[in-house]
Every structure is written in structure tokens, then in C-alpha cells.
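Visitor: Just dropping this structure here.
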Protein chains: 2
Amino acid sequence: MKTSIKDIAKSLGISTATVSKALNNKSGVSHEMRIKVLEKAKELGYVVNNLARGMKISKTFTVGVLISDIKNPYFSEVISSMERVLYAKKYNLIICNVGENPSKEREYLELLVSKKVDGIIAAPSAEGQNLSIYRKLIRHGMKITLFDRLVDAIQTDSVVVDNSSATYEAVKYLNKYGHSKIGAIYGIKGSYTGHERLKGFLEAVKDFNVKYHENWVKSGEFKEEKSYKRAIEILNSKDRPTAIIAMNNFMTLGVMRAVKDLNIKVPDEVSIIGFDDAEWMKVCSPAVTTVVQPTDVIGMTAATLLLDAIESDIPSSPHHVVLKTSLLERESVAPPSKN
Amino acid sequence: MKTSIKDIAKSLGISTATVSKALNNKSGVSHEMRIKVLEKAKELGYVVNNLARGMKISKTFTVGVLISDIKNPYFSEVISSMERVLYAKKYNLIICNVGENPSKEREYLELLVSKKVDGIIAAPSAEGQNLSIYRKLIRHGMKITLFDRLVDAIQTDSVVVDNSSATYEAVKYLNKYGHSKIGAIYGIKGSYTGHERLKGFLEAVKDFNVKYHENWVKSGEFKEEKSYKRAIEILNSKDRPTAIIAMNNFMTLGVMRAVKDLNIKVPDEVSIIGFDDAEWMKVCSPAVTTVVQPTDVIGMTAATLLLDAIESDIPSSPHHVVLKTSLLERESVAPPSKN
DNA sequence: TTGTAGGCGTTATCAA
DNA sequence: TTGATAACGCCTACAA
């Protein structure tokens with residue numbers, strides 16, 4: 001536990017330099033000596049001190065992962081996938097769960113640099129208050145990969161999904177089923193994903209001549225409870241839409257709870273398209289047709305991008321990866337009823 | 001980014017000792033000097049190097065959290081709660097997602113000691129192959145708090161839930177509704193939670209004179225797919241039970257999918273009690289009556305226990321906290337039908 | 001092949 | 001109040 005290379009050296013009557021070389025498979029040690037050192041190390045229960053090591057080689061094999069909510073299955077799936085690729089290369093990850101709290105984000109960011117992480121993977125806080133900090137970090141050489149929420153103003157690797165075309169396609173799909181009165185629960189206009197998804201929706205509404213009514217399109221602020229209330233309002237309006245699109249997993253849940261509580265038959269009376277995939281969407285009745293994000297690929301890509309940046313010394317221009325979402329057809333969409 | 005106290009010292013024409021004292025609010029610096037140092041530090045964008053610091057003070061403000069699956073909402077909820085209390089005291093957490101892979105668990109454990117974490121919160125791998133390692137770590141002074149899966153053989157703080165009485169109560173509840181033919185999908189006998197939950201079930205079966213049939217009680221190995229298959233088998237048996245208890249969230253999902261695919265009405269034709277709570281359980285039809293674990297309290301307690309152990313120098317005898325589960329009544333239980 | 005010694009950035013002890 | 005200096009454990013020229 002607290003044995004150092006000094007102890008090994010002393011007990012073997014050799015120098016710490018030799019021990020270090022032996023332990024790190026460097027040249028300059030005889031085979032026999034290396035064996036002896038390795039054995040002694042095991043015997044003494046030696047474990048390298050990565051603080052000292054990191055200080056010397058300026059590398060900690062640690063990366064920070066900054067997200068808004070680890071309870072959100074989207075994030076835990078992405079993290080799980082990141083962990084897989086990072087672990088394969090012996091990197092650890094420090095989780096920074098910042099909610100939507102910019103000052104917590106700031107504190108964590110500073111903590112990460114003080115701990116000398118080799119890089120950061122971040123889904124920056126929605127409103128982008130800390131843009132300048134990210135920029136400063138990058139300028140100072142910190143490797144950063146952004147995901148989920150893209151910040152155009154930051155020149156660095158990023159991974160996002162085709163948010164606007166995702167909702168565009170959702171509208172198109174509903175339209176093909178004959179829907180021309182489509183409502184939506186969107187996130188937050190000021191956030192990247194919120195903005196993009198709403199944009200795609202509105203474009204499609206225009207392109208496909210879908211009726212638009214401001215009472216049908218409301219913000220659920222990415223939250224279940226808000227969405228539940230907004231959905232109730234929409235569904236209770238006199239001339240209600242025949243279909244509703246929810247723009248993330250929590251909001252989808254809110255909408256589904258709303259139709260359940262109002263005792264509205266899905267998809268007979270109203271069709272629903274969700275966003276993100278979650279276990280419950282396949283067991284609930286009806287199973288929810290939804291736009292799914294490839295969380296596994298998102299995590300892998302982000303981690304790989306960061307690793308590449310860390311391990312290559314020549315900084316290349318930023319890679320911007322845009323991944324495709326797909327519409328998973330289940331049971332919550334049908335042609336509108338004829339009344 | 002790469003300014004050190006040396007830079008501050010030099011640019012102010014003073015010694016690093018003074019700078020250090022000023023920065024750390026230690027006595028032995030004049031007020032004026034402290035101000036000057038603080039200003040210069042900000043001007044130069046100084047950030048402490050926690051590797052060097054940790055090396056000196058033997059403290060990293062980092063704890064490792066070792067779990068089997070971060071995608072499991074049980075764990076992500078617990079972690080979220082741990083993060084809250086840890087963050088409040090400026091500790092970071094390193095996530096170790098080990099699946100059910102003992103060698104990965106071993107590697108991560110070693111990584112954690114090499115990174116000099118101040119403590120470890122762990123839900124040890126099910127079969128307990130690495131017991132001796134945990135024991136050795138504790139003997140060497142590492143602070144460890146176990147949760148979810150208790151290992152009696154390890155003398156250290158722990159927090160678990162009253163697993164056996166949880167399933168016992170579930171049977172009792174069903175029995176009160178008139179069920180005397182009750183099936184179960186349990187986890188893995190060799191694991192702590194798997195064992196305990198099955199034990200409580202069997203005890204209740206005996207105490208309440210519930211009919212027992214080995215075809216009704218099968219292992220879902222904590223997995224959805226297995227449980228789905230086992231549930232299908234149970235439900236297709238000629239003399240099937242009138243109620244089924246599933247013993248974790250994934251297995252509950254498997255059972256619910258099974259009844260859905262077999263087109264069996266719940267709770268009219270068969271009653272179901274799940275384990276753990278998840279979003280989907282409240283939206284699916286019927287909403288699932290389930291045994292819920294207080295994930296929030298579990299995480300808080302484990303983190304607090306660890307923090308206490310870290311921050312007190314006199315080692316006290318281990319605290320074993322057992323938290324209560326509760327049965328959340330929703331819609332999936334009714335009296336058995338009369339055929 | 002092996003060893004010596006300096007330094008990574010801090011903090012802490014002891015003098016000045 | 002301030003400063004010089006020795007660690008913490010490791011790696012790495014460079015010298016032997």
C-alpha cells in the first residue's frame with residue numbers, strides 16, 4: 001500500500017532508477033534484474049503512485065465527463081458506452097453531474113483542470129453561460145469534446161445528432177398517415193437541442209402544409225411534469241390536434257401520462273411520437289413510436305474523438321460528427337379518426 | 001493553466017512559502033500580502049495542481065464508486081444521490097462500471113489505489129470472488145463502504161435494504177388479496193440480494209400456506225430477457241399461479257413483456273408485483289405495484305458513512321445500516337379470478 | 001547494465 | 001511576518 005520504488009530498491013540493494021526501468025518495461029535492465037524487481041514488487045504489494053507519476057509525465061489517464069443529469073437514461077447510456085472505450089485504454093472517468101446549474105459547471109470545470117485530467121467530454125449547460133470558459137480551456141491546450149449540445153462558437157471536436165431533421169421526419173411520417181393537425185411539446189428554445197428540434201418541426205409544418213396553431217405547440221422545458229400539464233392543455237382544447245410529438249424522453253413520459261389520465265385512446269383518438277428510447281416505451285400500451293438516438297454510438301464516438309485528440313500531439317482542425325436518428329415504429333401512431 | 005505558485009512568487013518578489021500560506025488562508029501572512037497574492041493569482045489564472053497537493057497532504061478529494069451497471073436506474077439514482085453529498089464537500093467521484101466481471105473489478109480497485117482515492121463506495125460483484133482484495137484494502141487502511149450487496153465476511157461500513165422482508169411482505173400482501181398460488185422470478189441464488197429476496201419469498205410461502213410448485217419459481221438471473229422466457233414458461237404451464245413476483249427492475253420488465261405478448265390481462269387474469277421502481281412502471285397499463293428501494297437515501301447514507309470514515313481519524317467499529325423498502329400499490333394486483 | 005541526481009508543484013518545518 | 005529548504009514518489013538524462 002505504501003511501498004514505493006525506494007523500498008524495492010533498498011531491499012534489493014539497487015537504485016530506484018533500475019527499479020523504475022524494470023517496472024515500466026524500459027530498456028536498460030538485464031532480464032534477470034527485471035525478474036527480481038517484478039517479484040519483489042509483488043511480494044511487497046507495490047502499487048504505483050499515480051499522483052507522483054502523473055506529475056512527472058504530465059498525464060493522469062483520467063478524463064472528466066460533464067453532463068446535466070445522470071439519472072436521464074440518455075446520459076447513463078452514453079456514459080456507459082464511453083466507459084467501455086475509455087477503460088480499454090486504461091482511462092478513468094470523473095463524473096460531473098451539473099444539473100442545469102452553470103456555477104456548478106464552472107466549479108467542476110476548475111476542479112477538473114486542478115486534477116490535471118487529460119481531457120473533458122462535456123454536454124455543456126443548456127444556456128451556454130460558460131462558453132468563454134470552455135474557450136479559454138481549449139486555448140490553454142485542454143482537450144475537449146462536446147456532445148449532445150453543440151456550441152457553434154467553440155472550435156473543438158463535437159458529436160451531435162441530426163436533431164432538426166429528426167423532428168422534420170416525424171412530422172412527415174405523421175403526415176403520410178393523414179395527420180394535418182399536429183401538436184408538439186418542445187424543450188427550451190434557448191438550448192441547442194430544444195431549438196433544433198423545434199426548428200425541424202416548424203419547417204416540416206410549413207413544407208407539408210400541416211395546420212399550425214400556437215395552442216398546440218408548447219414548451220415542456222424538457223421536464224415530465226411541465227409536459228404533462230401542457231399536454232393536458234393541448235388535449236383539452238376544443239379543436240385539438242390529432243397527433244402530438246414530444247421532443248425528449250421525459251416529455252414523452254409526461255404526454256403519455258396525460259393521455260392515460262384523460263383516458264384518451266392512443267392511437268385511435270390521438271397519435272403520439274416520442275423522442276429518445278426508454279424501456280418503458282416498449283412495455284406500455286400502446287408501445288411508443290419514437291425517434292431514437294444512437295446513444296451507444298454517441299458515447300463511443302465522443303470518447304474515441306477525445307482519445308485521438310489526447311494521444312496525437314499535432315492538433316488537427318475540429319471534427320464535427322453528426323449522427324443519424326431513426327424513427328422506431330411501434331404502436332402509438334395510426335391514421336386520424338374521422339370525426 | 002500552467003502557472004504555479006513559483007510564478008506568483010517570482011512576479012511578486014516573494015517566496016513560494018508565503019504564496020502558499022496566502023492561498024490556503026493559513027496564518028503567518030499579513031493581510032496586505034494576502035490580498036496582493038490573491039490578486040496576482042487571479043491575474044495569472046492560477047489553478048492549484050492537485051497532483052502535487054495530494055502528494056504532499058496525502059489527500060485527493062476523490063472517491064471511487066464501483067458498481068455493476070450504470071445503465072440500471074437503481075444505480076444511476078444511487079450515484080446521483082451520492083454525487084450530491086460528495087460534491088457538497090468538494091469530493092469528486094470516479095465511476096467504475098464493472099459489469100459482472102470480477103477481473104475488471106480487480107483492475108479498477110487497483111487503479112483506484114494507484115490514484116490514491118480517499119475512499120471507495122462499492123457494490124461488490126455478485127459472486128464475491130474479490131472478497132480477499134477488499135479485505136486487504138481495508139487492512140491497509142483504505143476506507144470502504146459497501147452497499148446493495150452486503151458481504152458479511154467484510155468488516156466495514158455498509159448500507160443495504162431489508163431484502164428478505166421485502167419479498168416476504170409482498171407475498172403476504174398477495175395472500176391477503178386471496179392468492180394462494182404465487183410464482184416468482186428471482187435473481188441469482190449465489191448473490192446476496194438474489195439469495196435474500198428468494199429467502200423472504202420462501203419463508204412467506206411457508207408461513208402463509210401458499211402453494212409451492214417448482215415450476216412457478218425460476219431464476220431470471222437479474223436479466224430482462226431471461227425473465228421474459230421464464231415468465232412465458234410459468235404462464236404457459238397448465239396449472240399456472242395467479243400471481244407472480246419479480247425481484248428486480250429488469251426482471252419486472254421481462255415479466256410485463258411476457259404478459260403483454262401472451263395477451264394475458266393484468267390484474268384480471270394474473271397479478272404482478274415488481275421490484276425497484278422505474279418510470280415505466282407508472283405509465284404502463286396497468287401501472288405496476290412494486291417494492292421500492294429508497295435509492296436516494298441509500299446513496300446519501302453510503303456517501304455520508306464514507307465521508308465520516310475518511311474525515312475521522314479514529315477508526316470506529318463498522319456501521320451496518322439497513323433501510324426499509326416499501327410496497328407501492330398501483331394497479332397490477334387484484335384478487336384472483338374464480339376459474 | 002546500473003546508478004546519481006534533479007525536478008515535477010505543493011506544503012510544512014524551522015530560521016531569520 | 002517572511003523565506004529557505006526538505007520532503008511527497010516518480011521518471012529520466014546523464015554519468016559511471
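So you can find residues: chains in the C-alpha cells are A, B, ... in the order shown, residues in each start at 1, and ligands are numbered from 1 in order.
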Can you check which residues of stretch 110-219 of chain A DSSP gives as strand (DSSP E) on the backbone and send them as number ranges by chain?

Guide: A: 119-122, 144-147, 157-161, 182-186, 217-219

Visitor: Starting from chain D, keep only residues with some atom at most 10 Å from an atom of chain A, counting only C-alpha atoms (C1' of nucleotides), and report them as number ranges by chain.

Guide: D: 8-12

Visitor: Using only C-alpha atoms (C1' of nucleotides), select each residue of chain C with any atom at most 8 Å away from an atom of chain A, and give the selection as a ChimeraX atom specification.

Guide: /C:1-3,8

Visitor: Please build the interface table for chain B against chain A with a cut-off of 6 Å, listing for each qualifying residue the nearest atom pair and the distance in Å to one decimal; count only C-alpha atoms, order rows by chain and increasing number, and write it as a Markdown table.

Guide:
| residue | atom | partner | partner_atom | distance |
| --- | --- | --- | --- | --- |
| B:Val47 | CA | A:Ser114 | CA | 6.0 |
| B:Val48 | CA | A:Ser114 | CA | 5.5 |
| B:Asn49 | CA | A:Ser114 | CA | 5.0 |
| B:Asn50 | CA | A:Lys115 | CA | 5.1 |
| B:Leu51 | CA | A:Leu51 | CA | 5.2 |
| B:Lys71 | CA | A:Ser76 | CA | 5.4 |
| B:Ser76 | CA | A:Lys71 | CA | 5.4 |
| B:Glu77 | CA | A:Lys71 | CA | 5.7 |
| B:Leu93 | CA | A:Ile94 | CA | 5.6 |
| B:Ile94 | CA | A:Ile94 | CA | 4.5 |
| B:Ser114 | CA | A:Asn49 | CA | 5.0 |
| B:Lys115 | CA | A:Asn50 | CA | 5.1 |
| B:Arg257 | CA | A:Val283 | CA | 5.9 |
| B:Trp280 | CA | A:Trp280 | CA | 4.1 |
| B:Val283 | CA | A:Arg257 | CA | 5.9 |
| B:Cys284 | CA | A:Cys284 | CA | 3.9 |
| B:Ser285 | CA | A:Ser285 | CA | 6.0 |

Visitor: Could the residues in this selection be written to a file with all heavy atoms, as a CSV table (one decimal), in the first residue's frame?

Guide:
chain,number,residue,atom,x,y,z
B,47,VAL,N,-4.3,28.0,-11.1
B,47,VAL,CA,-5.1,27.0,-10.6
B,47,VAL,C,-4.2,26.0,-9.9
B,47,VAL,O,-3.2,25.6,-10.4
B,47,VAL,CB,-5.9,26.2,-11.7
B,47,VAL,CG1,-6.7,25.1,-11.2
B,47,VAL,CG2,-6.8,27.2,-12.5
B,48,VAL,N,-4.6,25.6,-8.7
B,48,VAL,CA,-3.7,24.7,-7.9
B,48,VAL,C,-3.6,23.4,-8.7
B,48,VAL,O,-4.5,22.9,-9.4
B,48,VAL,CB,-4.3,24.5,-6.5
B,48,VAL,CG1,-5.6,23.7,-6.6
B,48,VAL,CG2,-3.3,23.7,-5.6
B,49,ASN,N,-2.4,22.8,-8.5
B,49,ASN,CA,-2.2,21.5,-9.1
B,49,ASN,C,-2.4,20.4,-8.0
B,49,ASN,O,-1.7,20.3,-7.0
B,49,ASN,CB,-0.7,21.4,-9.5
B,49,ASN,CG,-0.4,20.0,-10.1
B,49,ASN,OD1,-1.0,19.0,-9.8
B,49,ASN,ND2,0.6,20.0,-11.0
B,50,ASN,N,-3.6,19.8,-8.1
B,50,ASN,CA,-4.0,18.8,-7.1
B,50,ASN,C,-3.2,17.5,-7.1
B,50,ASN,O,-3.3,16.8,-6.1
B,50,ASN,CB,-5.4,18.5,-7.2
B,50,ASN,CG,-6.3,19.5,-6.4
B,50,ASN,OD1,-5.9,19.9,-5.3
B,50,ASN,ND2,-7.4,19.9,-6.9
B,51,LEU,N,-2.4,17.3,-8.1
B,51,LEU,CA,-1.5,16.1,-8.0
B,51,LEU,C,-0.4,16.4,-7.0
B,51,LEU,O,-0.2,15.7,-6.0
B,51,LEU,CB,-0.8,15.9,-9.4
B,51,LEU,CG,-1.7,15.5,-10.5
B,51,LEU,CD1,-0.9,15.1,-11.7
B,51,LEU,CD2,-2.6,14.3,-10.1
B,71,LYS,N,-26.2,1.7,-16.3
B,71,LYS,CA,-27.5,1.9,-17.0
B,71,LYS,C,-28.7,1.5,-16.2
B,71,LYS,O,-29.8,1.8,-16.5
B,71,LYS,CB,-27.4,1.1,-18.3
B,71,LYS,CG,-26.5,1.8,-19.4
B,71,LYS,CD,-26.9,1.2,-20.7
B,71,LYS,CE,-26.1,0.0,-21.0
B,71,LYS,NZ,-26.2,-0.4,-22.5
B,76,SER,N,-28.0,4.4,-11.2
B,76,SER,CA,-27.8,5.8,-11.6
B,76,SER,C,-28.5,6.7,-10.6
B,76,SER,O,-28.0,7.8,-10.3
B,76,SER,CB,-28.2,6.1,-13.0
B,76,SER,OG,-29.6,5.8,-13.2
B,77,GLU,N,-29.6,6.3,-10.0
B,77,GLU,CA,-30.2,7.1,-8.9
B,77,GLU,C,-29.4,7.1,-7.7
B,77,GLU,O,-29.2,8.2,-7.1
B,77,GLU,CB,-31.6,6.5,-8.6
B,77,GLU,CG,-32.7,6.7,-9.6
B,77,GLU,CD,-33.9,5.9,-9.4
B,77,GLU,OE1,-34.2,5.4,-8.3
B,77,GLU,OE2,-34.6,5.7,-10.4
B,93,LEU,N,-16.0,12.0,-7.9
B,93,LEU,CA,-16.2,10.6,-7.9
B,93,LEU,C,-15.8,10.0,-9.2
B,93,LEU,O,-16.1,10.5,-10.3
B,93,LEU,CB,-17.5,10.1,-7.4
B,93,LEU,CG,-18.9,10.1,-7.9
B,93,LEU,CD1,-19.8,10.7,-7.0
B,93,LEU,CD2,-19.0,10.7,-9.3
B,94,ILE,N,-15.0,8.9,-9.1
B,94,ILE,CA,-14.6,8.1,-10.3
B,94,ILE,C,-15.5,6.9,-10.4
B,94,ILE,O,-15.6,6.2,-9.5
B,94,ILE,CB,-13.1,7.7,-10.1
B,94,ILE,CG1,-12.2,8.9,-10.2
B,94,ILE,CG2,-12.8,6.7,-11.2
B,94,ILE,CD1,-10.7,8.5,-10.1
B,114,SER,N,-4.0,3.2,-6.9
B,114,SER,CA,-2.9,3.8,-7.5
B,114,SER,C,-3.2,5.3,-7.7
B,114,SER,O,-2.3,6.2,-7.7
B,114,SER,CB,-2.5,3.2,-8.8
B,114,SER,OG,-3.3,3.7,-9.9
B,115,LYS,N,-4.4,5.7,-7.8
B,115,LYS,CA,-4.8,7.1,-7.9
B,115,LYS,C,-5.0,7.7,-6.5
B,115,LYS,O,-5.4,8.9,-6.4
B,115,LYS,CB,-6.0,7.2,-8.8
B,115,LYS,CG,-5.8,6.8,-10.2
B,115,LYS,CD,-6.5,7.6,-11.2
B,115,LYS,CE,-5.8,7.4,-12.6
B,115,LYS,NZ,-6.8,7.4,-13.7
B,257,ARG,N,-43.4,-7.8,-20.1
B,257,ARG,CA,-43.4,-8.0,-21.6
B,257,ARG,C,-44.1,-9.4,-21.9
B,257,ARG,O,-44.8,-9.5,-22.9
B,257,ARG,CB,-42.0,-7.9,-22.1
B,257,ARG,CG,-41.7,-6.6,-22.7
B,257,ARG,CD,-40.3,-6.6,-23.3
B,257,ARG,NE,-40.1,-7.7,-24.3
B,257,ARG,CZ,-39.1,-8.5,-24.3
B,257,ARG,NH1,-38.0,-8.3,-23.5
B,257,ARG,NH2,-39.0,-9.4,-25.2
B,280,TRP,N,-41.2,3.7,-16.2
B,280,TRP,CA,-42.2,3.0,-17.0
B,280,TRP,C,-43.3,2.3,-16.1
B,280,TRP,O,-44.4,2.1,-16.6
B,280,TRP,CB,-41.5,1.9,-17.9
B,280,TRP,CG,-40.8,0.8,-17.1
B,280,TRP,CD1,-39.5,0.8,-16.8
B,280,TRP,CD2,-41.4,-0.4,-16.7
B,280,TRP,NE1,-39.2,-0.4,-16.2
B,280,TRP,CE2,-40.4,-1.2,-16.1
B,280,TRP,CE3,-42.7,-1.0,-16.8
B,280,TRP,CZ2,-40.6,-2.4,-15.6
B,280,TRP,CZ3,-42.9,-2.2,-16.3
B,280,TRP,CH2,-41.8,-3.0,-15.7
B,283,VAL,N,-46.5,4.4,-16.0
B,283,VAL,CA,-47.2,4.7,-17.2
B,283,VAL,C,-47.8,3.5,-17.9
B,283,VAL,O,-48.7,3.6,-18.8
B,283,VAL,CB,-46.4,5.4,-18.3
B,283,VAL,CG1,-46.5,6.9,-18.1
B,283,VAL,CG2,-45.0,4.9,-18.4
B,284,CYS,N,-47.2,2.3,-17.7
B,284,CYS,CA,-47.7,1.2,-18.4
B,284,CYS,C,-49.0,0.8,-17.9
B,284,CYS,O,-49.4,1.2,-16.8
B,284,CYS,CB,-46.7,0.0,-18.4
B,284,CYS,SG,-46.6,-0.8,-16.8
B,285,SER,N,-49.8,0.0,-18.7
B,285,SER,CA,-51.1,-0.4,-18.2
B,285,SER,C,-51.1,-1.8,-18.0
B,285,SER,O,-50.8,-2.6,-18.9
B,285,SER,CB,-52.1,0.0,-19.3
B,285,SER,OG,-52.2,1.3,-19.5

Visitor: Show which residues sit within 9 Å of B:Arg106, as a PyMOL selection string. Count only C-alpha atoms (C1' of nucleotides), and ignore same-chain residues fewer than 5 positions away.

Guide: chain B and resi 101+111+130+133

Visitor: Figure out the distance between atom CA of A:Asn236 and atom CA of A:Asn263, please, to one decimal in Å.

Guide: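 For atom CA of A:Asn263 relative to atom CA of A:Asn236, the distance reads 11.6 Å.
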
Visitor: Write out as a list in words which residues come within 12 Å of D:DA13 when counting only C-alpha atoms (C1' of nucleotides), dropping same-chain ones fewer than 4 positions away.

Guide: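 The filter keeps Ala17 of chain A; DT4, DA5, DG6 and DG7 of chain C.
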
Visitor: Contacts of stretch 222-227 of chain A at 8 Å or less, counting only C-alpha atoms (C1' of nucleotides), minus same-chain residues fewer than 6 places along, as a VMD selection string?

Guide: chain A and resid 185 to 188 247 to 248 250 to 255

Visitor: Write out as a Markdown table the residues of stretch 151-242 of chain B that have any atom within 12 Å of an atom of stretch 291-315 of chain B, one row each with the nearest atom pair and its distance in Å to one decimal, counting only C-alpha atoms, sorted by chain and then rising number.

Guide:
| residue | atom | partner | partner_atom | distance |
| --- | --- | --- | --- | --- |
| B:Gln155 | CA | B:Pro315 | CA | 11.8 |
| B:Thr156 | CA | B:Ala309 | CA | 9.9 |
| B:Asp157 | CA | B:Leu305 | CA | 7.0 |
| B:Ser158 | CA | B:Ala302 | CA | 7.1 |
| B:Val159 | CA | B:Ala302 | CA | 6.2 |
| B:Val160 | CA | B:Ile298 | CA | 7.5 |
| B:Val161 | CA | B:Gln293 | CA | 7.2 |
| B:Asp162 | CA | B:Gln293 | CA | 9.3 |
| B:Asn163 | CA | B:Gln293 | CA | 9.3 |
| B:Ser164 | CA | B:Val291 | CA | 11.5 |
| B:Ser165 | CA | B:Val291 | CA | 10.7 |
| B:Ala166 | CA | B:Val291 | CA | 6.9 |
| B:Thr167 | CA | B:Val291 | CA | 8.0 |
| B:Tyr168 | CA | B:Val291 | CA | 10.8 |
| B:Glu169 | CA | B:Val291 | CA | 9.2 |
| B:Ala170 | CA | B:Val291 | CA | 7.6 |
| B:Val171 | CA | B:Val291 | CA | 11.2 |
| B:Tyr173 | CA | B:Val291 | CA | 11.2 |
| B:Arg197 | CA | B:Val291 | CA | 11.1 |

Visitor: Need the shell around B:Val37: protein/DNA/RNA residues with any atom at most 8 Å away, counting only C-alpha atoms (C1' of nucleotides). Skip same-chain ones fewer than 3 positions apart. Format as a VMD selection string?

Guide: chain B and resid 8 12 19 22 to 23 33 to 34 40 to 41
